[in-house]
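For reference, my_file-v1.pdb is printed below; it contains PDB, C-alpha atoms.
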```pdb
MODEL        1
ATOM      1  CA  MET A 523     130.489 122.562  81.258
ATOM      2  CA  GLY A 524     134.080 121.930  80.172
ATOM      3  CA  LEU A 525     135.950 125.231  80.032
ATOM      4  CA  ASN A 526     139.104 123.966  78.400
ATOM      5  CA  PHE A 527     139.717 122.835  74.839
ATOM      6  CA  THR A 528     140.279 119.136  75.510
ATOM      7  CA  THR A 529     137.301 118.665  77.827
ATOM      8  CA  ALA A 530     134.942 120.734  75.700
ATOM      9  CA  LEU A 531     135.805 118.782  72.544
ATOM     10  CA  SER A 532     135.515 115.429  74.286
ATOM     11  CA  GLU A 533     132.054 116.366  75.568
ATOM     12  CA  ALA A 534     130.798 117.743  72.228
ATOM     13  CA  PRO A 535     128.887 115.397  69.917
ATOM     14  CA  VAL A 536     130.374 114.571  66.521
ATOM     15  CA  ALA A 537     128.205 115.622  63.566
ATOM     16  CA  ASP A 538     127.514 112.882  61.020
ATOM     17  CA  CYS A 539     127.567 115.490  58.243
ATOM     18  CA  PHE A 540     129.709 118.621  58.283
ATOM     19  CA  PHE A 541     129.492 120.516  54.983
ATOM     20  CA  ASP A 542     129.672 117.300  52.985
ATOM     21  CA  GLY A 543     129.503 118.191  49.291
ATOM     22  CA  PHE A 544     130.459 121.840  49.860
ATOM     23  CA  ARG A 545     133.526 123.272  48.186
ATOM     24  CA  GLU A 546     135.842 125.623  50.037
ATOM     25  CA  GLU A 547     137.009 128.681  48.146
ATOM     26  CA  PHE A 548     138.845 131.934  48.805
ATOM     27  CA  ILE A 549     137.239 134.817  46.890
ATOM     28  CA  ASP A 550     139.422 137.809  46.089
ATOM     29  CA  VAL A 551     137.790 141.137  46.921
ATOM     30  CA  HIS A 552     139.217 144.645  46.757
ATOM     31  CA  ALA A 553     140.357 144.618  50.394
ATOM     32  CA  GLY A 554     141.608 141.041  50.673
ATOM     33  CA  ARG A 555     140.335 137.458  50.497
ATOM     34  CA  VAL A 556     137.089 136.036  51.850
ATOM     35  CA  PHE A 557     136.753 132.367  52.756
ATOM     36  CA  CYS A 558     133.514 130.713  51.602
ATOM     37  CA  ARG A 559     131.809 127.334  51.685
ATOM     38  CA  ILE A 560     129.601 126.881  48.607
ATOM     39  CA  ALA A 561     127.108 124.294  47.342
ATOM     40  CA  GLY A 562     123.743 123.900  45.633
ATOM     41  CA  LYS A 563     121.872 125.239  42.634
ATOM     42  CA  GLY A 564     119.183 127.839  42.164
ATOM     43  CA  PRO A 565     118.685 131.344  43.595
ATOM     44  CA  ALA A 566     121.588 132.489  45.741
ATOM     45  CA  VAL A 567     121.488 132.631  49.540
ATOM     46  CA  LEU A 568     124.317 134.355  51.407
ATOM     47  CA  LEU A 569     124.668 133.100  54.993
ATOM     48  CA  LEU A 570     126.606 135.227  57.498
ATOM     49  CA  HIS A 571     127.742 134.204  60.978
ATOM     50  CA  GLY A 572     128.203 136.092  64.225
ATOM     51  CA  TYR A 573     130.670 136.587  67.087
ATOM     52  CA  PRO A 574     132.911 134.819  67.974
ATOM     53  CA  GLN A 575     132.289 132.183  65.323
ATOM     54  CA  THR A 576     132.799 131.355  61.637
ATOM     55  CA  SER A 577     130.740 130.111  58.711
ATOM     56  CA  ALA A 578     130.718 126.729  60.488
ATOM     57  CA  ILE A 579     127.539 127.816  62.301
ATOM     58  CA  TRP A 580     125.572 126.892  59.168
ATOM     59  CA  HIS A 581     126.631 123.213  59.039
ATOM     60  CA  LYS A 582     123.065 122.046  59.763
ATOM     61  CA  VAL A 583     121.164 124.758  57.883
ATOM     62  CA  ALA A 584     123.231 125.120  54.691
ATOM     63  CA  PRO A 585     122.906 121.530  53.381
ATOM     64  CA  GLN A 586     119.120 121.720  53.679
ATOM     65  CA  LEU A 587     118.936 125.049  51.861
ATOM     66  CA  ALA A 588     121.357 123.801  49.186
ATOM     67  CA  GLN A 589     118.670 121.397  47.954
ATOM     68  CA  ASN A 590     116.887 124.396  46.415
ATOM     69  CA  TYR A 591     119.357 127.282  46.502
ATOM     70  CA  THR A 592     122.965 128.133  45.752
ATOM     71  CA  VAL A 593     124.287 128.596  49.278
ATOM     72  CA  ILE A 594     127.349 130.708  50.086
ATOM     73  CA  CYS A 595     128.564 130.604  53.693
ATOM     74  CA  ALA A 596     131.201 133.290  54.200
ATOM     75  CA  ASP A 597     133.607 134.094  57.015
ATOM     76  CA  LEU A 598     133.266 137.802  57.802
ATOM     77  CA  ARG A 599     136.380 139.944  57.528
ATOM     78  CA  GLY A 600     138.347 139.609  60.738
ATOM     79  CA  TYR A 601     136.987 136.158  61.497
ATOM     80  CA  GLY A 602     138.006 132.603  60.642
ATOM     81  CA  ARG A 603     139.962 132.319  57.424
ATOM     82  CA  SER A 604     138.975 135.666  55.896
ATOM     83  CA  HIS A 605     141.275 138.676  55.664
ATOM     84  CA  LYS A 606     142.007 140.846  58.680
ATOM     85  CA  PRO A 607     142.752 144.377  57.523
ATOM     86  CA  LYS A 608     144.673 146.904  59.565
ATOM     87  CA  THR A 609     142.295 149.183  61.429
ATOM     88  CA  ASP A 610     142.300 152.993  61.811
ATOM     89  CA  ALA A 611     141.273 155.562  64.403
ATOM     90  CA  ASP A 612     137.669 155.585  63.156
ATOM     91  CA  HIS A 613     137.424 151.756  63.061
ATOM     92  CA  ALA A 614     136.227 152.145  59.466
ATOM     93  CA  PRO A 615     137.847 148.930  58.181
ATOM     94  CA  TYR A 616     135.609 147.008  60.593
ATOM     95  CA  SER A 617     132.455 149.003  59.997
ATOM     96  CA  LYS A 618     129.489 146.987  58.816
ATOM     97  CA  ARG A 619     129.602 149.077  55.637
ATOM     98  CA  SER A 620     133.129 147.894  54.827
ATOM     99  CA  THR A 621     132.285 144.265  55.607
ATOM    100  CA  ALA A 622     129.118 144.534  53.521
ATOM    101  CA  ILE A 623     131.202 145.676  50.542
ATOM    102  CA  ASP A 624     133.244 142.482  50.895
ATOM    103  CA  MET A 625     130.051 140.461  50.619
ATOM    104  CA  VAL A 626     128.770 142.374  47.601
ATOM    105  CA  GLU A 627     132.093 141.747  45.863
ATOM    106  CA  VAL A 628     131.951 138.049  46.789
ATOM    107  CA  MET A 629     128.514 137.759  45.221
ATOM    108  CA  ASP A 630     129.714 139.668  42.144
ATOM    109  CA  ALA A 631     132.634 137.269  41.763
ATOM    110  CA  LEU A 632     130.276 134.300  41.993
ATOM    111  CA  GLY A 633     127.834 135.797  39.473
ATOM    112  CA  HIS A 634     124.874 136.610  41.723
ATOM    113  CA  PRO A 635     123.503 140.119  41.071
ATOM    114  CA  ARG A 636     120.578 139.533  43.450
ATOM    115  CA  PHE A 637     120.383 137.218  46.409
ATOM    116  CA  PHE A 638     118.763 136.341  49.706
ATOM    117  CA  ILE A 639     120.556 136.814  53.008
ATOM    118  CA  GLY A 640     120.235 134.700  56.138
ATOM    119  CA  ALA A 641     122.347 136.024  58.995
ATOM    120  CA  HIS A 642     123.011 135.646  62.696
ATOM    121  CA  ASP A 643     124.307 138.070  65.316
ATOM    122  CA  ARG A 644     127.108 140.300  63.905
ATOM    123  CA  GLY A 645     126.481 138.877  60.453
ATOM    124  CA  ALA A 646     122.905 140.118  60.641
ATOM    125  CA  ARG A 647     124.219 143.610  61.384
ATOM    126  CA  VAL A 648     126.391 143.371  58.280
ATOM    127  CA  ALA A 649     123.343 142.139  56.367
ATOM    128  CA  HIS A 650     121.283 145.104  57.580
ATOM    129  CA  ARG A 651     123.927 147.541  56.346
ATOM    130  CA  LEU A 652     124.289 145.670  53.043
ATOM    131  CA  ALA A 653     120.526 145.888  52.495
ATOM    132  CA  ALA A 654     120.518 149.607  53.349
ATOM    133  CA  ASP A 655     123.505 150.486  51.158
ATOM    134  CA  HIS A 656     122.780 148.088  48.268
ATOM    135  CA  PRO A 657     119.000 147.549  48.274
ATOM    136  CA  GLU A 658     118.972 146.540  44.610
ATOM    137  CA  ARG A 659     121.039 143.469  45.484
ATOM    138  CA  VAL A 660     118.916 141.982  48.278
ATOM    139  CA  ILE A 661     115.714 140.084  47.523
ATOM    140  CA  ALA A 662     114.918 139.484  51.187
ATOM    141  CA  LEU A 663     116.733 139.496  54.538
ATOM    142  CA  ALA A 664     116.306 136.964  57.353
ATOM    143  CA  SER A 665     117.954 137.731  60.692
ATOM    144  CA  LEU A 666     118.599 135.560  63.744
ATOM    145  CA  ASP A 667     118.489 136.928  67.285
ATOM    146  CA  ILE A 668     119.180 140.602  66.801
ATOM    147  CA  ALA A 669     117.351 143.893  66.732
ATOM    148  CA  PRO A 670     119.025 146.793  64.889
ATOM    149  CA  THR A 671     122.270 148.017  66.447
ATOM    150  CA  ARG A 672     121.438 151.676  66.985
ATOM    151  CA  GLU A 673     118.111 150.879  68.612
ATOM    152  CA  MET A 674     119.590 148.228  70.908
ATOM    153  CA  TYR A 675     122.243 150.623  72.191
ATOM    154  CA  ARG A 676     119.568 153.304  72.532
ATOM    155  CA  ASP A 677     117.115 151.160  74.496
ATOM    156  CA  GLY A 678     119.458 148.842  76.399
ATOM    157  CA  ASP A 679     119.322 149.298  80.180
ATOM    158  CA  SER A 680     121.636 148.188  82.979
ATOM    159  CA  GLU A 681     120.018 144.753  83.145
ATOM    160  CA  PHE A 682     120.693 144.258  79.435
ATOM    161  CA  ALA A 683     124.282 145.399  79.973
ATOM    162  CA  GLN A 684     124.736 142.673  82.572
ATOM    163  CA  THR A 685     123.709 140.056  80.017
ATOM    164  CA  TYR A 686     125.466 141.581  76.999
ATOM    165  CA  TRP A 687     128.505 142.822  78.923
ATOM    166  CA  HIS A 688     130.726 142.115  75.903
ATOM    167  CA  TRP A 689     128.869 144.807  73.922
ATOM    168  CA  TYR A 690     130.488 147.381  76.191
ATOM    169  CA  TRP A 691     133.702 145.718  77.345
ATOM    170  CA  LEU A 692     134.965 144.867  73.840
ATOM    171  CA  THR A 693     134.634 148.536  72.866
ATOM    172  CA  GLN A 694     137.273 149.567  75.398
ATOM    173  CA  ALA A 695     140.410 151.052  73.863
ATOM    174  CA  TYR A 696     143.073 148.770  72.423
ATOM    175  CA  PRO A 697     144.790 146.764  73.855
ATOM    176  CA  PHE A 698     142.771 146.277  77.058
ATOM    177  CA  PRO A 699     140.254 143.582  76.022
ATOM    178  CA  GLU A 700     142.681 141.983  73.577
ATOM    179  CA  THR A 701     145.317 141.557  76.300
ATOM    180  CA  LEU A 702     142.895 139.886  78.698
ATOM    181  CA  ILE A 703     141.471 137.508  76.082
ATOM    182  CA  GLN A 704     144.803 136.415  74.596
ATOM    183  CA  GLY A 705     146.282 133.483  76.436
ATOM    184  CA  THR A 706     142.897 132.478  77.839
ATOM    185  CA  SER A 707     140.947 132.523  74.579
ATOM    186  CA  ASP A 708     139.579 128.971  74.952
ATOM    187  CA  TYR A 709     138.242 129.707  78.440
ATOM    188  CA  TYR A 710     136.843 133.062  77.324
ATOM    189  CA  TRP A 711     135.091 131.571  74.275
ATOM    190  CA  LEU A 712     133.623 128.635  76.170
ATOM    191  CA  LYS A 713     132.466 130.772  79.088
ATOM    192  CA  LYS A 714     130.969 133.482  76.898
ATOM    193  CA  CYS A 715     129.239 131.169  74.417
ATOM    194  CA  GLY A 716     128.302 128.545  76.991
ATOM    195  CA  SER A 717     126.569 130.920  79.384
ATOM    196  CA  GLY A 718     123.281 131.035  77.510
ATOM    197  CA  SER A 719     120.178 128.956  78.116
ATOM    198  CA  ALA A 720     121.496 125.977  76.116
ATOM    199  CA  GLY A 721     125.048 125.956  77.481
ATOM    200  CA  LEU A 722     127.482 124.386  75.023
ATOM    201  CA  GLN A 723     124.879 121.907  73.795
ATOM    202  CA  PRO A 724     124.393 123.575  70.364
ATOM    203  CA  PHE A 725     128.018 123.060  69.299
ATOM    204  CA  VAL A 726     129.212 119.880  67.568
ATOM    205  CA  ARG A 727     132.839 118.849  67.810
ATOM    206  CA  GLN A 728     133.858 119.869  64.288
ATOM    207  CA  ALA A 729     132.405 123.370  64.651
ATOM    208  CA  LEU A 730     133.712 123.867  68.182
ATOM    209  CA  ASP A 731     137.204 122.862  67.100
ATOM    210  CA  GLU A 732     137.059 125.422  64.294
ATOM    211  CA  TYR A 733     135.752 128.197  66.525
ATOM    212  CA  LEU A 734     138.341 127.702  69.243
ATOM    213  CA  THR A 735     141.235 127.204  66.831
ATOM    214  CA  TYR A 736     140.656 130.417  64.892
ATOM    215  CA  PHE A 737     139.750 132.455  67.955
ATOM    216  CA  ARG A 738     143.223 131.805  69.366
ATOM    217  CA  ASP A 739     144.670 133.996  66.594
ATOM    218  CA  PRO A 740     145.542 137.430  68.063
ATOM    219  CA  ALA A 741     144.492 138.992  64.746
ATOM    220  CA  VAL A 742     141.001 137.511  65.116
ATOM    221  CA  ILE A 743     140.741 138.667  68.724
ATOM    222  CA  HIS A 744     141.758 142.197  67.734
ATOM    223  CA  ALA A 745     139.500 142.280  64.670
ATOM    224  CA  SER A 746     136.502 141.107  66.658
ATOM    225  CA  CYS A 747     137.080 143.875  69.214
ATOM    226  CA  GLU A 748     137.235 146.326  66.317
ATOM    227  CA  ASP A 749     133.890 144.967  65.102
ATOM    228  CA  TYR A 750     132.342 146.108  68.398
ATOM    229  CA  ARG A 751     134.265 149.398  68.511
ATOM    230  CA  ALA A 752     132.867 150.154  65.066
ATOM    231  CA  ALA A 753     129.352 149.298  66.234
ATOM    232  CA  ILE A 754     129.313 151.909  68.959
ATOM    233  CA  THR A 755     130.876 154.632  66.770
ATOM    234  CA  ILE A 756     130.998 154.667  62.976
ATOM    235  CA  ASP A 757     128.207 152.108  62.478
ATOM    236  CA  GLN A 758     125.783 154.267  64.413
ATOM    237  CA  ALA A 759     126.872 157.311  62.423
ATOM    238  CA  HIS A 760     126.014 155.386  59.264
ATOM    239  CA  ASP A 761     122.684 154.359  60.788
ATOM    240  CA  ASP A 762     121.900 157.970  61.608
ATOM    241  CA  MET A 763     122.413 158.923  57.961
ATOM    242  CA  ASP A 764     119.717 156.495  56.799
ATOM    243  CA  THR A 765     116.634 158.488  55.845
ATOM    244  CA  LYS A 766     114.542 155.622  54.486
ATOM    245  CA  ARG A 767     113.462 152.282  55.849
ATOM    246  CA  LEU A 768     114.351 149.051  54.089
ATOM    247  CA  ARG A 769     111.767 148.089  51.493
ATOM    248  CA  MET A 770     112.624 144.432  50.879
ATOM    249  CA  PRO A 771     110.928 141.820  53.096
ATOM    250  CA  VAL A 772     112.607 141.268  56.456
ATOM    251  CA  LEU A 773     112.187 138.189  58.645
ATOM    252  CA  ALA A 774     113.229 138.611  62.285
ATOM    253  CA  LEU A 775     113.617 135.441  64.354
ATOM    254  CA  TRP A 776     114.918 135.410  67.898
ATOM    255  CA  GLY A 777     115.394 133.017  70.795
ATOM    256  CA  ARG A 778     112.543 132.768  73.267
ATOM    257  CA  HIS A 779     115.092 132.158  76.033
ATOM    258  CA  GLY A 780     117.593 134.857  75.087
ATOM    259  CA  ALA A 781     118.342 138.520  75.690
ATOM    260  CA  ILE A 782     116.363 139.848  72.713
ATOM    261  CA  GLU A 783     113.119 138.331  74.013
ATOM    262  CA  LYS A 784     113.801 139.520  77.560
ATOM    263  CA  HIS A 785     114.932 143.068  76.914
ATOM    264  CA  PHE A 786     113.457 144.303  73.603
ATOM    265  CA  ASP A 787     110.390 144.368  71.393
ATOM    266  CA  CYS A 788     112.228 142.874  68.428
ATOM    267  CA  LEU A 789     109.554 143.450  65.783
ATOM    268  CA  ALA A 790     108.888 147.015  66.905
ATOM    269  CA  LEU A 791     112.581 147.899  66.646
ATOM    270  CA  TRP A 792     112.912 146.294  63.217
ATOM    271  CA  ARG A 793     109.835 148.211  62.047
ATOM    272  CA  GLU A 794     111.665 151.423  62.827
ATOM    273  CA  ARG A 795     114.180 150.388  60.170
ATOM    274  CA  ALA A 796     112.136 148.391  57.619
ATOM    275  CA  GLU A 797     108.699 148.632  56.033
ATOM    276  CA  ASN A 798     107.881 144.955  55.563
ATOM    277  CA  VAL A 799     108.754 142.982  58.707
ATOM    278  CA  ARG A 800     107.477 139.690  60.018
ATOM    279  CA  GLY A 801     108.864 137.369  62.652
ATOM    280  CA  TRP A 802     108.489 135.342  65.827
ATOM    281  CA  PRO A 803     110.493 133.773  68.640
ATOM    282  CA  ILE A 804     111.957 130.282  68.297
ATOM    283  CA  ASP A 805     112.015 128.067  71.373
ATOM    284  CA  GLY A 806     115.763 128.278  71.931
ATOM    285  CA  GLY A 807     118.608 130.571  72.958
ATOM    286  CA  HIS A 808     121.028 132.698  70.977
ATOM    287  CA  TYR A 809     122.713 130.132  68.711
ATOM    288  CA  LEU A 810     119.570 129.188  66.814
ATOM    289  CA  ALA A 811     121.190 127.924  63.617
ATOM    290  CA  GLU A 812     122.898 125.207  65.642
ATOM    291  CA  GLU A 813     120.438 124.652  68.502
ATOM    292  CA  LYS A 814     117.169 124.805  66.530
ATOM    293  CA  SER A 815     118.274 124.255  62.940
ATOM    294  CA  ALA A 816     115.023 122.589  61.790
ATOM    295  CA  ASP A 817     113.005 125.628  62.878
ATOM    296  CA  VAL A 818     115.465 127.978  61.167
ATOM    297  CA  VAL A 819     115.455 125.972  57.925
ATOM    298  CA  SER A 820     111.668 125.852  57.846
ATOM    299  CA  ALA A 821     111.357 129.583  58.472
ATOM    300  CA  PHE A 822     114.043 130.505  55.935
ATOM    301  CA  GLN A 823     112.610 128.253  53.237
ATOM    302  CA  GLY A 824     109.081 129.586  53.625
ATOM    303  CA  PHE A 825     110.237 133.184  53.757
ATOM    304  CA  PHE A 826     112.586 132.947  50.774
ATOM    305  CA  ALA A 827     109.988 131.099  48.674
ATOM    306  CA  SER A 828     107.355 133.728  49.426
ATOM    307  CA  ALA A 829     109.735 136.582  48.606
ATOM    308  CA  LEU A 830     110.794 134.877  45.369
ATOM    309  CA  ASP A 831     107.149 134.412  44.343
ATOM    310  CA  ASP A 832     106.527 138.105  44.996
ATOM    311  CA  GLU A 833     109.586 139.077  42.958
ATOM    312  CA  LEU A 834     108.608 136.876  40.027
ATOM    313  CA  ALA A 835     105.051 138.232  40.111
ATOM    314  CA  ALA A 836     106.325 141.806  40.102
ATOM    315  CA  SER A 837     108.694 141.145  37.191
ATOM    316  CA  THR A 838     105.919 139.639  35.042
ATOM    317  CA  GLY A 839     103.492 142.421  35.778
TER     318      GLY A 839
ENDMDL
END
```
Would you give me this structure, written as structure tokens?
Amino acid sequence: MGLNFTTALSEAPVADCFFDGFREEFIDVHAGRVFCRIAGKGPAVLLLHGYPQTSAIWHKVAPQLAQNYTVICADLRGYGRSHKPKTDADHAPYSKRSTAIDMVEVMDALGHPRFFIGAHDRGARVAHRLAADHPERVIALASLDIAPTREMYRDGDSEFAQTYWHWYWLTQAYPFPETLIQGTSDYYWLKKCGSGSAGLQPFVRQALDEYLTYFRDPAVIHASCEDYRAAITIDQAHDDMDTKRLRMPVLALWGRHGAIEKHFDCLALWRERAENVRGWPIDGGHYLAEEKSADVVSAFQGFFASALDDELAASTG
């Protein structure tokens, strides 16, 4: 496993197609600008990435979905080419609620009052908050390799902490983690993301180049730490204020060879937070959209089609 930029890129395969036919656009929202990749026609699907990545994770999934849907792949605030607001003592600018508002405003700007969400990792936590705060906007929510944040912190044991050490280390007070990551960001990224069951195999050269390039930015490193500081503080306070479970359909997919399968009952934890949950493990690790894209596309397409049929049936009585 090459743990430097040059070696890692030389070892990564080159994708034949990398968002061919997608347009790149910056969408102005109240707090800043959000970078999006957009293509397709039909019902809207918002795709959200995780840590420490960008919207590039969807390069295999998005073109397939764009055959039947309008697909919007967004960089979360703090990541990639999207805005990186100044934080505060409560980490509120990096709360999932604040990031979810960005996404609602993106979809408003693009003319999509209701939409599907497919989301991985941190993006799925944003999606969960968006669905809780703006349930009228979300037709259905599909998540990749997470259980809800509050419940994972609640139920995680020391063995889980060994695997997901970054969940705890990145929450340390500024500037401790930032200082250690800066200057060695390529090594950190490659070691962290390459330590799963699939190593660096899921990542094609174009995506890996994008991930490493943007993760060198000190503003991205700081913002991503703030994402985790928010998760252990203000995000859980918001979760505790939820008095109702999500009512829209939720699909939970996770990697059979990852931490969610090993340490949690994913469906049981999602059913604490949502009424209508289905899901299953995919035979892969954490980075499912890149490692097992065909399985993700098939699951998303079936789930979205079923939810759309249910919505149309309800609207026609």
(message) To test your reading of the syntax: which residues would the PyMOL selection byres ((chain A and resi 568-579) around 6) return for the file shown? Reply as a list in words.
(response)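 What the PyMOL selection byres ((chain A and resi 568-579) around 6) grabs from the file is Val567, Trp580, His581, Ile594, Cys595, Ala596, Asp597, Gly602, Ile639, Gly640, Ala641, His642, Asp643, Arg644, Gly645, Ala729 and Tyr733 of chain A.
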(request) Given the file shown, determine the residues that the PyMOL selection byres ((chain A and resi 617) around 7) selects; report them as a PyMOL selection string. (result) chain A and resi 613-616+618-621+749+752-753+756-757
(message) For a test of reading the model, state the distance in Å between CA of Glu797 (chain A) and CA of Thr671 (chain A), rounded to one decimal.
(response) 17.1 Å
(request) Name the residues in contact with region 814-818 of chain A at a cut-off of 12 Å, using all atoms listed in the file, excluding same-chain residues fewer than 2 positions from it; report them as a PyMOL selection string. (result) chain A and resi 579-587+640-642+664-667+720+723-725+773-778+801-812+820-826
(request) Please evaluate the PyMOL selection byres ((chain A and resi 693-702) around 6) against the displayed coordinates and give the resulting residues as a ChimeraX atom specification. (result) /A:690-692,703-704,744,750-751
(message) Can you pull out the residues contacting region 542-558 of chain A? Cut-off 6 Å, using only C-alpha atoms, and skip same-chain residues under 2 positions away; I want them as a VMD selection string.
(response) chain A and resid 539 to 540 560 to 561 595 to 597 603 to 605 627
(message) Quick check, in Å to one decimal: how far apart do CA of His785 (chain A) and CA of Glu681 (chain A) lie?
(response)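 Separation between CA of His785 (chain A) and CA of Glu681 (chain A): 8.2 Å.
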